[in-house]
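Contents: one structure, followed by commentary.
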Amino acid sequence: MKKKNRILVLGLTFSMVISSGSLTGCDSAAGSMGKKTTGVEYEGADYELSEESSSDSGIDAVDPGTVDDETKKTAENRTDAEKSTKTEESQTDSGLWEKASTTPYGKYPELVTYTLGQMSGANNSNLPAGNTYEDSAYTRYLKEILNVQNENAYMEREDRYDEYVNVLVNDHTLPDVLVVSDRETLNVLVENDMVEDLTEVYANCTSPRIKAMYNSYGPQLLGAGTFDGKLMALPEAVIDHGPCLLWMRKDWMDQLGLAEPKTLEEAMDIIQIFQENRMGAEEGEDPVGLVCDTNFVSTTSQNYSVEPIFEKFYSYPRRWIKDKDGEIIYGSLTEETRSAVAYLRELYERGILDQNFALRAQNNLRDLVVEGKCGAFFGLWWAPNNPLMDVAENDPEADWEPYYLTAEYQEKDNVYASFRDNKYVVVRKGYEHPEIVMKIISVLFDYSRFEDEENADEINSYFALNVDPTARPLVINVDYNEAIYNVTKDIRRVMSGKQKASNLSELEKSYYDACMKYLSGKNVTVEDWAAYKSRISAVGVLVDGHYSSVRRPYLVDSDGEIPNMLASLEKNAFIQMIMGEQPMDYFDTFVEEWYDQRGRELTEKIREENS
């Protein structure tokens, strides 16, 4: 397989597949298939057949000496009837298998098991007591709706999962279903013909709403899983999480008589006052300022980056961007990035940036927040779930509030997304039921949320209980690009009396109930607090700040990954300049070294692939 043409954006070829007549059965099943209809019909047929068999049993009890021609004829007729019944049973069974394998919600007549490479999360993914990765609301619901069950052949924690998957790929010991989050590993799987073509099962067994979700990202999302015109992996729909917010201790502000910040500069001044008043520091300890991950910005969703600082200067480090002349360049090498690093240097000199940031590991940053040692960090809207839920449990008086202070610096349209941000669902080559992944996704992310009002309470309650996504059999998420903001808008409309709660989806209703319970003040749990603080407070400030989702263009035929050598060079250069170990003029030296250490060849390769 030629690498140059390996990845194709879904255009005419895939559109023809999606719009073909094979979707008819899929649409009708989505509209009419109830949760138990197929199972009940099948059980009823079995019951009627056993009744007929009982009524015939008297023939066998007749004395052989009294059997006449008529009786023989009756017996012969009965034999013919039994043969006919078996034929009908076989046809019915075949029809159910056919329906199950060609529709989103068709239930298999017998249990279908699949081996799975399971990503495990911390604290058993926050699953309720007694639940496991093979016996949870997710797996029980899938078994009831589809009659499928996962058997976890491999399990590895989230931070080591990619490394473990690489071992499975190299050893050719794949489970039936696997989530891959490393682009190069996906390329190896496809190039070595180790995974199934999912083009046809996507067309037949993906619900119309799931297809609409994928369409909300434009054709390039499905294109990320398409090789030589075939859908070989289903990409995760990486929902827009919005920009990082600045989370700050409002109770400290109140204690010091400080007004809430309206600009990024005002917020930095407040953090400096926190420092001067030794907030959160015990005797003999140095106060901790704005905590900062040494990667400075993240390519995936995480807390503790200082991305908004770079956004203030329209700087996009660790991203490929298009300059004013239309040339693709690496975002860490621009003059805008120089200005952002200089500002971070100023914050460090003023004691605002954590003076020990260069020594902190990711888990240390979390500990500083949970233990009340710091009063500010940049984090996404879901920060109340992690790490702040632990804070709320340990110190209910700690009042963390989110602030959206970079609204005026919204990203331009010159920043590329890359495939490195995606997870992909793949199916082992030769597995009998490749359609199973599309059916699972349709049930988990469509049917349970939007269609099943009576039986999906347990699975939808997991969201309010803060069960981690790693608890799902397929550790991905699928939703509309702007789903986060739409959910908050809908809940707000109900809260204000502009919409009835009955109009909410099951997922939205779960969040709404938790938020209302929090507002009532009765028997409030930390999960209720986190639901309100994330969905109403955090997403609310983005909605009020008129944030709109950014649809970045994808790099073509490349993930744009930066080699470790260049990434380390960048990281060390930034740290040295921020801490004052190198003057800001060193930025020019860093750029030259980056290009000299094969960065020039990498840039030319990216430009050629995207020309």
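The way I read the labels, and the way they are meant: chains A, B, ... in the order of the structure tokens, residue 1 as the first residue of every chain, and ligand 1 as the first ligand shown, with later ones counted on from there.
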
Task: Residues within 7 Å of region 345-356 of chain A, only C-alpha atoms, excluding chain neighbours under 5 positions, as a ChimeraX atom specification - done: /A:268,271-272,288-292,577-579

TODO: Just the helix (DSSP H, G or I) stuff from region 229-288 of chain A, please, per backbone DSSP, written as a ChimeraX atom specification.
DONE: /A:250-256,264-276

TODO: Select from region 369-479 of chain A everything DSSP, run on the backbone, classes as strand (DSSP E or B), then give the selection as a list in words.
DONE: Ala376, Phe377, Phe378, Gly379, Trp400, Glu401, Pro402, Tyr403, Val415, Ala417, Tyr424, Val425, Val426, Val427 and Arg428 of chain A

What are the closest atom pairs, with distances in Å to one decimal, for each residue of region 457-498 of chain A lying within 12 Å of region 512-526 of chain A, using only C-alpha atoms, rows by chain and rising residue number, as CSV?
residue,atom,partner,partner_atom,distance
A:Asp457,CA,A:Asp513,CA,11.8
A:Asn460,CA,A:Asp513,CA,11.4
A:Ser461,CA,A:Ala514,CA,9.4
A:Tyr462,CA,A:Ala514,CA,11.4
A:Phe463,CA,A:Ala514,CA,9.8
A:Ala464,CA,A:Ala514,CA,6.4
A:Leu465,CA,A:Val526,CA,8.9
A:Asn466,CA,A:Val526,CA,9.5
A:Val487,CA,A:Tyr512,CA,9.5
A:Thr488,CA,A:Tyr512,CA,9.1
A:Lys489,CA,A:Tyr512,CA,11.2
A:Asp490,CA,A:Tyr512,CA,9.3
A:Ile491,CA,A:Tyr512,CA,6.0
A:Arg492,CA,A:Tyr512,CA,8.8
A:Arg493,CA,A:Tyr512,CA,10.7
A:Val494,CA,A:Tyr512,CA,8.5
A:Met495,CA,A:Met516,CA,8.4
A:Ser496,CA,A:Met516,CA,12.0

TODO: May I have the residues within 9 Å of Val391 (chain A) as a list of chain:residue names, using only C-alpha atoms and disregarding those fewer than 3 positions away in the same chain?
DONE: A:Val369, A:Val370, A:Glu371, A:Gly372, A:Pro384, A:Pro387, A:Leu388, A:Asn394, A:Asp395, A:Pro396, A:Ala398

Filtering to all heavy atoms, could you give me those residues as a JSON list (two decimals), in the first residue's frame?
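Ended up saving to again21.json:
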[["chain", "number", "residue", "atom", "x", "y", "z"],
["A", 369, "VAL", "N", -3.66, 21.11, 44.00],
["A", 369, "VAL", "CA", -5.04, 21.60, 43.95],
["A", 369, "VAL", "C", -5.89, 20.93, 45.03],
["A", 369, "VAL", "O", -6.59, 21.59, 45.80],
["A", 369, "VAL", "CB", -5.65, 21.35, 42.56],
["A", 369, "VAL", "CG1", -7.13, 21.72, 42.55],
["A", 369, "VAL", "CG2", -4.90, 22.15, 41.50],
["A", 370, "VAL", "N", -5.83, 19.62, 45.10],
["A", 370, "VAL", "CA", -6.67, 18.86, 46.03],
["A", 370, "VAL", "C", -6.34, 19.19, 47.48],
["A", 370, "VAL", "O", -7.24, 19.27, 48.33],
["A", 370, "VAL", "CB", -6.53, 17.35, 45.77],
["A", 370, "VAL", "CG1", -7.25, 16.53, 46.83],
["A", 370, "VAL", "CG2", -7.07, 17.00, 44.39],
["A", 371, "GLU", "N", -5.06, 19.41, 47.76],
["A", 371, "GLU", "CA", -4.63, 19.69, 49.14],
["A", 371, "GLU", "C", -4.76, 21.16, 49.51],
["A", 371, "GLU", "O", -4.39, 21.55, 50.61],
["A", 371, "GLU", "CB", -3.19, 19.23, 49.33],
["A", 371, "GLU", "CG", -3.04, 17.71, 49.22],
["A", 371, "GLU", "CD", -1.59, 17.26, 49.17],
["A", 371, "GLU", "OE1", -0.70, 18.14, 49.35],
["A", 371, "GLU", "OE2", -1.34, 16.07, 48.93],
["A", 372, "GLY", "N", -5.26, 22.00, 48.60],
["A", 372, "GLY", "CA", -5.50, 23.40, 48.92],
["A", 372, "GLY", "C", -4.26, 24.26, 48.97],
["A", 372, "GLY", "O", -4.24, 25.30, 49.62],
["A", 384, "PRO", "N", -14.40, 20.32, 37.39],
["A", 384, "PRO", "CA", -15.10, 19.92, 38.62],
["A", 384, "PRO", "C", -15.15, 18.41, 38.84],
["A", 384, "PRO", "O", -15.17, 17.94, 39.99],
["A", 384, "PRO", "CB", -16.51, 20.50, 38.42],
["A", 384, "PRO", "CG", -16.29, 21.69, 37.56],
["A", 384, "PRO", "CD", -15.20, 21.27, 36.61],
["A", 387, "PRO", "N", -9.90, 17.72, 38.93],
["A", 387, "PRO", "CA", -9.72, 17.20, 40.29],
["A", 387, "PRO", "C", -10.65, 17.77, 41.35],
["A", 387, "PRO", "O", -10.58, 17.38, 42.50],
["A", 387, "PRO", "CB", -8.29, 17.65, 40.59],
["A", 387, "PRO", "CG", -8.22, 19.02, 39.93],
["A", 387, "PRO", "CD", -9.04, 18.89, 38.67],
["A", 388, "LEU", "N", -11.52, 18.71, 40.99],
["A", 388, "LEU", "CA", -12.19, 19.52, 42.00],
["A", 388, "LEU", "C", -13.24, 18.76, 42.82],
["A", 388, "LEU", "O", -13.62, 19.19, 43.90],
["A", 388, "LEU", "CB", -12.82, 20.76, 41.36],
["A", 388, "LEU", "CG", -11.81, 21.75, 40.76],
["A", 388, "LEU", "CD1", -12.52, 22.97, 40.18],
["A", 388, "LEU", "CD2", -10.78, 22.19, 41.81],
["A", 394, "ASN", "N", -13.35, 17.00, 50.39],
["A", 394, "ASN", "CA", -12.44, 17.19, 51.51],
["A", 394, "ASN", "C", -12.59, 18.54, 52.18],
["A", 394, "ASN", "O", -12.39, 18.67, 53.39],
["A", 394, "ASN", "CB", -10.99, 17.02, 51.04],
["A", 394, "ASN", "CG", -10.71, 15.62, 50.51],
["A", 394, "ASN", "OD1", -11.33, 14.66, 50.94],
["A", 394, "ASN", "ND2", -9.77, 15.53, 49.58],
["A", 395, "ASP", "N", -12.93, 19.55, 51.40],
["A", 395, "ASP", "CA", -13.02, 20.92, 51.93],
["A", 395, "ASP", "C", -14.19, 21.65, 51.28],
["A", 395, "ASP", "O", -14.01, 22.40, 50.32],
["A", 395, "ASP", "CB", -11.71, 21.66, 51.66],
["A", 395, "ASP", "CG", -11.71, 23.08, 52.24],
["A", 395, "ASP", "OD1", -12.64, 23.41, 53.01],
["A", 395, "ASP", "OD2", -10.79, 23.87, 51.91],
["A", 396, "PRO", "N", -15.41, 21.45, 51.79],
["A", 396, "PRO", "CA", -16.60, 22.07, 51.18],
["A", 396, "PRO", "C", -16.56, 23.59, 51.15],
["A", 396, "PRO", "O", -17.29, 24.21, 50.37],
["A", 396, "PRO", "CB", -17.75, 21.57, 52.08],
["A", 396, "PRO", "CG", -17.21, 20.35, 52.77],
["A", 396, "PRO", "CD", -15.75, 20.60, 52.94],
["A", 398, "ALA", "N", -14.04, 25.39, 50.20],
["A", 398, "ALA", "CA", -13.22, 25.86, 49.07],
["A", 398, "ALA", "C", -14.12, 26.12, 47.87],
["A", 398, "ALA", "O", -14.75, 25.21, 47.34],
["A", 398, "ALA", "CB", -12.16, 24.81, 48.73]]

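Closest approach to Val426 (chain A) among A:Lys143, A:Thr132, A:Ile239, A:Met438 is made by A:Met438 (distances from only C-alpha atoms).
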
Sorted per-residue table, region 352-454 of chain A near region 546-558 of chain A, closest atoms and distance, 7 Å, only C-alpha atoms, as JSON lines:
{"residue": "A:Ala407", "atom": "CA", "partner": "A:Tyr547", "partner_atom": "CA", "distance": 6.9}
{"residue": "A:Asp413", "atom": "CA", "partner": "A:Arg552", "partner_atom": "CA", "distance": 6.9}
{"residue": "A:Val415", "atom": "CA", "partner": "A:Arg552", "partner_atom": "CA", "distance": 6.3}
{"residue": "A:Tyr416", "atom": "CA", "partner": "A:Pro553", "partner_atom": "CA", "distance": 5.2}
{"residue": "A:Ala417", "atom": "CA", "partner": "A:Tyr554", "partner_atom": "CA", "distance": 4.8}
{"residue": "A:Ser418", "atom": "CA", "partner": "A:Tyr554", "partner_atom": "CA", "distance": 5.5}

Writer output for current selection, all heavy atoms, as a tab-separated table (two decimals), in the first residue's frame:
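The file below, result.tsv, is the result:
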chain	number	residue	atom	x	y	z
A	407	ALA	N	-11.83	35.53	25.65
A	407	ALA	CA	-12.88	35.56	24.62
A	407	ALA	C	-12.49	36.43	23.44
A	407	ALA	O	-12.84	36.13	22.28
A	407	ALA	CB	-14.19	36.06	25.22
A	413	ASP	N	-8.42	31.03	11.74
A	413	ASP	CA	-8.69	29.83	10.96
A	413	ASP	C	-7.43	29.26	10.31
A	413	ASP	O	-7.49	28.57	9.30
A	413	ASP	CB	-9.75	30.12	9.88
A	413	ASP	CG	-9.30	31.21	8.91
A	413	ASP	OD1	-8.19	31.75	9.10
A	413	ASP	OD2	-10.06	31.52	7.99
A	415	VAL	N	-5.04	27.39	12.01
A	415	VAL	CA	-4.44	26.36	12.84
A	415	VAL	C	-4.95	24.99	12.41
A	415	VAL	O	-6.16	24.78	12.29
A	415	VAL	CB	-4.77	26.59	14.33
A	415	VAL	CG1	-4.08	25.54	15.21
A	415	VAL	CG2	-4.35	28.00	14.76
A	416	TYR	N	-4.02	24.07	12.18
A	416	TYR	CA	-4.40	22.74	11.73
A	416	TYR	C	-4.68	21.81	12.91
A	416	TYR	O	-3.98	21.86	13.93
A	416	TYR	CB	-3.28	22.12	10.89
A	416	TYR	CG	-3.15	22.69	9.49
A	416	TYR	CD1	-2.25	23.71	9.21
A	416	TYR	CD2	-3.94	22.20	8.46
A	416	TYR	CE1	-2.13	24.23	7.93
A	416	TYR	CE2	-3.82	22.71	7.17
A	416	TYR	CZ	-2.92	23.72	6.92
A	416	TYR	OH	-2.80	24.24	5.65
A	417	ALA	N	-5.66	20.96	12.72
A	417	ALA	CA	-5.83	19.82	13.61
A	417	ALA	C	-4.97	18.69	13.05
A	417	ALA	O	-4.55	18.73	11.89
A	417	ALA	CB	-7.29	19.39	13.66
A	418	SER	N	-4.71	17.70	13.86
A	418	SER	CA	-3.96	16.55	13.36
A	418	SER	C	-4.62	15.28	13.86
A	418	SER	O	-5.37	15.28	14.83
A	418	SER	CB	-2.49	16.59	13.80
A	418	SER	OG	-2.37	16.17	15.13

Task: Which residue of A:Val427, A:Leu174, A:Ala237, A:Val180 approaches Met213 (chain A) most closely, using only C-alpha atoms - done: A:Ala237

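What separates CA of Thr92 (chain A) from CA of Leu146 (chain A) is a distance of 17.1 Å.
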
- [ ] Identify, on the basis of only C-alpha atoms, every residue whose closest approach to Arg318 (chain A) does not exceed 10 Å; exclude the query and any residue fewer than 5 positions from it along the same chain; express the result as a ChimeraX atom specification.
- [x] /A:295-299,330-333,560-562,567,570

Hey, can you spit out that residue selection with all heavy atoms as a tab-separated table (two decimals), in the first residue's frame?
chain	number	residue	atom	x	y	z
A	295	ASN	N	4.77	20.90	29.78
A	295	ASN	CA	4.51	20.88	28.34
A	295	ASN	C	3.88	22.18	27.87
A	295	ASN	O	3.74	22.40	26.67
A	295	ASN	CB	3.60	19.70	27.98
A	295	ASN	CG	4.32	18.38	28.06
A	295	ASN	OD1	5.49	18.29	27.71
A	295	ASN	ND2	3.64	17.36	28.54
A	296	PHE	N	3.43	23.02	28.82
A	296	PHE	CA	2.87	24.35	28.59
A	296	PHE	C	1.53	24.33	27.87
A	296	PHE	O	0.60	25.02	28.26
A	296	PHE	CB	3.87	25.25	27.84
A	296	PHE	CG	5.16	25.41	28.57
A	296	PHE	CD1	6.32	24.79	28.14
A	296	PHE	CD2	5.22	26.18	29.73
A	296	PHE	CE1	7.51	24.91	28.83
A	296	PHE	CE2	6.41	26.31	30.44
A	296	PHE	CZ	7.56	25.68	29.99
A	297	VAL	N	1.41	23.60	26.78
A	297	VAL	CA	0.11	23.45	26.12
A	297	VAL	C	-0.09	21.96	25.88
A	297	VAL	O	0.85	21.17	25.89
A	297	VAL	CB	0.03	24.21	24.78
A	297	VAL	CG1	0.23	25.69	25.00
A	297	VAL	CG2	1.03	23.67	23.78
A	298	SER	N	-1.34	21.59	25.68
A	298	SER	CA	-1.65	20.17	25.48
A	298	SER	C	-2.21	19.96	24.09
A	298	SER	O	-2.90	20.83	23.55
A	298	SER	CB	-2.67	19.69	26.53
A	298	SER	OG	-3.88	20.42	26.41
A	299	THR	N	-1.93	18.80	23.53
A	299	THR	CA	-2.53	18.48	22.24
A	299	THR	C	-3.83	17.72	22.44
A	299	THR	O	-4.58	17.49	21.51
A	299	THR	CB	-1.58	17.61	21.40
A	299	THR	OG1	-1.22	16.45	22.14
A	299	THR	CG2	-0.32	18.41	21.08
A	330	TYR	N	5.69	25.51	11.82
A	330	TYR	CA	5.46	24.96	13.15
A	330	TYR	C	5.20	26.10	14.13
A	330	TYR	O	6.00	27.05	14.23
A	330	TYR	CB	6.68	24.13	13.58
A	330	TYR	CG	6.51	23.43	14.89
A	330	TYR	CD1	5.40	22.60	15.13
A	330	TYR	CD2	7.46	23.56	15.89
A	330	TYR	CE1	5.26	21.94	16.34
A	330	TYR	CE2	7.33	22.89	17.11
A	330	TYR	CZ	6.21	22.09	17.33
A	330	TYR	OH	6.08	21.43	18.52
A	331	GLY	N	4.07	26.02	14.84
A	331	GLY	CA	3.60	27.14	15.65
A	331	GLY	C	4.49	27.54	16.81
A	331	GLY	O	4.37	28.66	17.33
A	332	SER	N	5.40	26.68	17.23
A	332	SER	CA	6.28	27.01	18.35
A	332	SER	C	7.42	27.93	17.95
A	332	SER	O	8.16	28.42	18.81
A	332	SER	CB	6.88	25.72	18.94
A	332	SER	OG	5.86	24.88	19.43
A	333	LEU	N	7.57	28.20	16.65
A	333	LEU	CA	8.73	28.94	16.16
A	333	LEU	C	8.41	30.38	15.78
A	333	LEU	O	9.28	31.10	15.28
A	333	LEU	CB	9.32	28.23	14.94
A	333	LEU	CG	9.55	26.72	15.07
A	333	LEU	CD1	10.12	26.17	13.76
A	333	LEU	CD2	10.48	26.41	16.23
A	560	GLY	N	1.46	14.86	11.78
A	560	GLY	CA	2.23	16.03	12.17
A	560	GLY	C	2.99	15.84	13.46
A	560	GLY	O	3.40	16.81	14.10
A	561	GLU	N	3.18	14.60	13.89
A	561	GLU	CA	3.82	14.32	15.17
A	561	GLU	C	5.26	14.84	15.17
A	561	GLU	O	6.00	14.71	14.20
A	561	GLU	CB	3.82	12.82	15.43
A	561	GLU	CG	4.18	12.45	16.85
A	561	GLU	CD	3.13	12.89	17.86
A	561	GLU	OE1	1.93	12.78	17.57
A	561	GLU	OE2	3.53	13.35	18.93
A	562	ILE	N	5.63	15.45	16.30
A	562	ILE	CA	6.97	15.99	16.45
A	562	ILE	C	7.86	14.93	17.11
A	562	ILE	O	7.50	14.38	18.15
A	562	ILE	CB	6.95	17.26	17.32
A	562	ILE	CG1	6.02	18.32	16.71
A	562	ILE	CG2	8.35	17.83	17.49
A	562	ILE	CD1	6.40	18.75	15.32
A	567	ALA	N	10.83	17.70	20.40
A	567	ALA	CA	9.93	18.08	21.48
A	567	ALA	C	10.72	18.41	22.75
A	567	ALA	O	10.40	19.37	23.47
A	567	ALA	CB	8.94	16.96	21.74
A	570	GLU	N	12.45	21.80	22.41
A	570	GLU	CA	11.49	22.89	22.61
A	570	GLU	C	11.18	23.08	24.09
A	570	GLU	O	11.20	24.21	24.61
A	570	GLU	CB	10.22	22.58	21.83
A	570	GLU	CG	9.09	23.56	22.05
A	570	GLU	CD	7.83	23.17	21.29
A	570	GLU	OE1	7.95	22.44	20.28
A	570	GLU	OE2	6.74	23.59	21.71

Open item on the list: Between CA of Val541 (chain A) and CA of Asn477 (chain A), what distance in Å does the model show, to one decimal?
Closed with: 23.4 Å

Task: Residues within 9 Å of region 308-316 of chain A, only C-alpha atoms, excluding chain neighbours under 3 positions, as a ChimeraX atom specification - done: /A:243-246,264,297,305,319-321,330-332,334-341,343-344,378,405-406,408-412,415

- [ ] Please provide the set of residues having any atom within 9 Å of Trp382 (chain A), restricted to only C-alpha atoms, with same-chain residues fewer than 2 positions apart removed, written as a ChimeraX atom specification.
- [x] /A:241,379-380,384-386,530-531,533-535,538-539

Emit the selected residues as an mmCIF file, in the first residue's frame, including all heavy atoms.
data_model
loop_
_atom_site.group_PDB
_atom_site.id
_atom_site.type_symbol
_atom_site.label_atom_id
_atom_site.label_comp_id
_atom_site.auth_asym_id
_atom_site.auth_seq_id
_atom_site.Cartn_x
_atom_site.Cartn_y
_atom_site.Cartn_z
ATOM 1 N N HIS A 241 -14.144 20.805 23.342
ATOM 2 C CA HIS A 241 -14.184 21.069 24.785
ATOM 3 C C HIS A 241 -14.010 22.549 25.100
ATOM 4 O O HIS A 241 -14.057 22.927 26.268
ATOM 5 C CB HIS A 241 -13.099 20.266 25.504
ATOM 6 C CG HIS A 241 -13.403 18.809 25.600
ATOM 7 N ND1 HIS A 241 -14.194 18.267 26.584
ATOM 8 C CD2 HIS A 241 -13.037 17.768 24.826
ATOM 9 C CE1 HIS A 241 -14.294 16.963 26.426
ATOM 10 N NE2 HIS A 241 -13.603 16.633 25.354
ATOM 11 N N GLY A 379 -7.863 25.071 33.395
ATOM 12 C CA GLY A 379 -8.461 23.758 33.186
ATOM 13 C C GLY A 379 -9.699 23.856 32.328
ATOM 14 O O GLY A 379 -10.274 24.934 32.158
ATOM 15 N N LEU A 380 -10.124 22.732 31.804
ATOM 16 C CA LEU A 380 -11.286 22.689 30.931
ATOM 17 C C LEU A 380 -12.578 22.673 31.745
ATOM 18 O O LEU A 380 -12.559 22.603 32.978
ATOM 19 C CB LEU A 380 -11.200 21.481 30.012
ATOM 20 C CG LEU A 380 -10.048 21.589 29.002
ATOM 21 C CD1 LEU A 380 -9.686 20.239 28.433
ATOM 22 C CD2 LEU A 380 -10.398 22.551 27.880
ATOM 23 N N PRO A 384 -14.400 20.319 37.389
ATOM 24 C CA PRO A 384 -15.098 19.919 38.625
ATOM 25 C C PRO A 384 -15.147 18.409 38.845
ATOM 26 O O PRO A 384 -15.170 17.943 39.990
ATOM 27 C CB PRO A 384 -16.505 20.497 38.422
ATOM 28 C CG PRO A 384 -16.290 21.687 37.560
ATOM 29 C CD PRO A 384 -15.198 21.271 36.605
ATOM 30 N N ASN A 385 -15.162 17.643 37.750
ATOM 31 C CA ASN A 385 -15.159 16.186 37.897
ATOM 32 C C ASN A 385 -13.782 15.682 38.323
ATOM 33 O O ASN A 385 -13.673 14.724 39.083
ATOM 34 C CB ASN A 385 -15.575 15.531 36.582
ATOM 35 C CG ASN A 385 -16.979 15.914 36.160
ATOM 36 O OD1 ASN A 385 -17.874 16.018 36.978
ATOM 37 N ND2 ASN A 385 -17.162 16.151 34.877
ATOM 38 N N ASN A 386 -12.746 16.315 37.808
ATOM 39 C CA ASN A 386 -11.384 15.928 38.137
ATOM 40 C C ASN A 386 -10.460 17.118 37.886
ATOM 41 O O ASN A 386 -10.354 17.565 36.746
ATOM 42 C CB ASN A 386 -10.950 14.746 37.269
ATOM 43 C CG ASN A 386 -9.554 14.260 37.571
ATOM 44 O OD1 ASN A 386 -9.015 14.499 38.647
ATOM 45 N ND2 ASN A 386 -8.937 13.583 36.606
ATOM 46 N N ALA A 530 -20.555 18.653 41.223
ATOM 47 C CA ALA A 530 -19.724 18.634 40.017
ATOM 48 C C ALA A 530 -20.569 18.817 38.761
ATOM 49 O O ALA A 530 -20.152 19.493 37.818
ATOM 50 C CB ALA A 530 -18.937 17.327 39.944
ATOM 51 N N ALA A 531 -21.760 18.209 38.743
ATOM 52 C CA ALA A 531 -22.638 18.361 37.578
ATOM 53 C C ALA A 531 -23.022 19.823 37.381
ATOM 54 O O ALA A 531 -22.986 20.342 36.261
ATOM 55 C CB ALA A 531 -23.886 17.496 37.745
ATOM 56 N N LYS A 533 -21.471 22.533 38.672
ATOM 57 C CA LYS A 533 -20.311 23.400 38.482
ATOM 58 C C LYS A 533 -19.738 23.276 37.071
ATOM 59 O O LYS A 533 -19.235 24.255 36.504
ATOM 60 C CB LYS A 533 -19.234 23.029 39.500
ATOM 61 C CG LYS A 533 -18.389 24.200 39.943
ATOM 62 C CD LYS A 533 -19.221 25.168 40.781
ATOM 63 C CE LYS A 533 -18.370 26.267 41.377
ATOM 64 N NZ LYS A 533 -19.191 27.205 42.169
ATOM 65 N N SER A 534 -19.820 22.087 36.495
ATOM 66 C CA SER A 534 -19.282 21.902 35.149
ATOM 67 C C SER A 534 -20.287 22.333 34.091
ATOM 68 O O SER A 534 -19.976 23.149 33.219
ATOM 69 C CB SER A 534 -18.877 20.442 34.938
ATOM 70 O OG SER A 534 -19.975 19.574 35.109
ATOM 71 N N ARG A 535 -21.503 21.795 34.171
ATOM 72 C CA ARG A 535 -22.492 22.019 33.105
ATOM 73 C C ARG A 535 -23.096 23.419 33.131
ATOM 74 O O ARG A 535 -23.384 23.996 32.077
ATOM 75 C CB ARG A 535 -23.615 20.976 33.237
ATOM 76 C CG ARG A 535 -23.167 19.563 32.925
ATOM 77 C CD ARG A 535 -22.937 19.391 31.446
ATOM 78 N NE ARG A 535 -22.302 18.108 31.125
ATOM 79 C CZ ARG A 535 -22.073 17.683 29.901
ATOM 80 N NH1 ARG A 535 -22.425 18.432 28.868
ATOM 81 N NH2 ARG A 535 -21.481 16.530 29.674
ATOM 82 N N ALA A 538 -19.309 26.330 34.429
ATOM 83 C CA ALA A 538 -18.174 26.385 33.504
ATOM 84 C C ALA A 538 -18.618 26.546 32.057
ATOM 85 O O ALA A 538 -18.212 27.486 31.373
ATOM 86 C CB ALA A 538 -17.312 25.133 33.669
ATOM 87 N N VAL A 539 -19.465 25.628 31.581
ATOM 88 C CA VAL A 539 -19.927 25.752 30.197
ATOM 89 C C VAL A 539 -20.748 27.029 30.048
ATOM 90 O O VAL A 539 -20.738 27.666 28.991
ATOM 91 C CB VAL A 539 -20.742 24.515 29.775
ATOM 92 C CG1 VAL A 539 -21.213 24.659 28.329
ATOM 93 C CG2 VAL A 539 -19.907 23.247 29.928
#

Would you kindly return, as a PDB file with C-alpha atoms, in the first residue's frame, each protein, DNA or RNA residue with an atom no farther than 7 Å from any atom of region 594-608 of chain A, considering only C-alpha atoms and excluding same-chain residues fewer than 6 positions away?
ATOM      1  CA  ILE A 328       2.786  25.816   6.701  1.00  0.00           C
ATOM      2  CA  ILE A 329       5.074  26.403   9.678  1.00  0.00           C
ATOM      3  CA  LEU A 566      12.625  18.103  18.797  1.00  0.00           C
TER       4      LEU A 566
END

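Counting only C-alpha atoms and comparing A:Ser120, A:Asn422, A:Asn303, A:Gln499, the residue that lies closest to Ser181 (chain A) is A:Asn422.
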
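Nearest residue to Pro219 (chain A), choosing from A:Tyr154, A:Pro235, A:Val165, A:Asn364 and counting only C-alpha atoms: A:Pro235.
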